[in-house]
Amino acid sequence: MKEYKVKIHDTAFADIDDIADFIVKVSTPEHTLEFTKRLGAEIMSLSYLADVIPESHWLSVRRYHPHAKQMRTHNKKLTIIFHIENDTVIVDRIVASSTIGS
């Protein structure tokens, strides 16, 4: 199994900031920190999972990249959208799973 470097695009960093801002408004800073740590670990798992995930057939995902792939997070409420370039997984966006397919 191939191992990739993981690069997070600026748009995905902005998504993470927005998610953290929302969680801290409805919960605690501790919960926000725990959630973002887990999200970061899930993103980093793409270093070895990216190959087994097929390209998405959803236009709402492929608009970010023609060869975009998607992985739902542990709580299934978010979807990590990414693509592979050479030896690097590039995380393009993190969106609400409910927006996929629409």
# chains A, B, ... in the order shown; residues from 1 in each chain; ligands from 1
$ select_by_dssp --residues "segment 53-88 of chain A" --states "strand (DSSP E or B)" --output "tab-separated table (two decimals) with C-alpha atoms, in the first residue's frame"
chain	number	residue	atom	x	y	z
A	55	GLU	CA	-13.31	8.79	-7.40
A	69	LYS	CA	-12.64	11.63	-4.00
A	70	GLN	CA	-14.64	11.87	-0.81
A	71	MET	CA	-14.46	10.43	2.69
A	72	ARG	CA	-17.13	10.92	5.34
A	78	LEU	CA	-18.89	16.10	7.29
A	79	THR	CA	-17.26	14.98	4.07
A	80	ILE	CA	-13.58	15.47	3.28
A	81	ILE	CA	-13.10	16.16	-0.43
A	82	PHE	CA	-9.64	15.48	-1.81
A	83	HIS	CA	-7.68	14.44	-4.87
A	84	ILE	CA	-4.30	12.83	-5.52
A	85	GLU	CA	-1.44	14.45	-7.40
A	88	THR	CA	0.43	13.91	-2.46
$ closest_residue --among "A:Val61, A:Leu49, A:Ala20, A:Val91" --to "Leu33 of chain A" --atoms "only C-alpha atoms"
A:Ala20
$ atom_distance --atom1 "atom CA of Asp92 of chain A" --atom2 "atom CA of Val24 of chain A"
23.4 Å
$ closest_residue --among "A:Leu39, A:Ile100, A:Ile94, A:Met44" --to "Asn75 of chain A" --atoms "only C-alpha atoms"
A:Leu39
$ closest_residue --among "A:Ala50, A:Ile43, A:Ile16, A:Leu59" --to "Asn86 of chain A" --atoms "only C-alpha atoms"
A:Ala50
$ closest_residue --among "A:Lys76, A:Val89, A:Val95, A:His31" --to "Ile53 of chain A" --atoms "only C-alpha atoms"
A:Val89
$ select_by_dssp --residues "chain A" --states "helix (DSSP H, G or I)" --output "PyMOL selection string"
chain A and resi 10-26+29-44+46-52+59-62+97-99
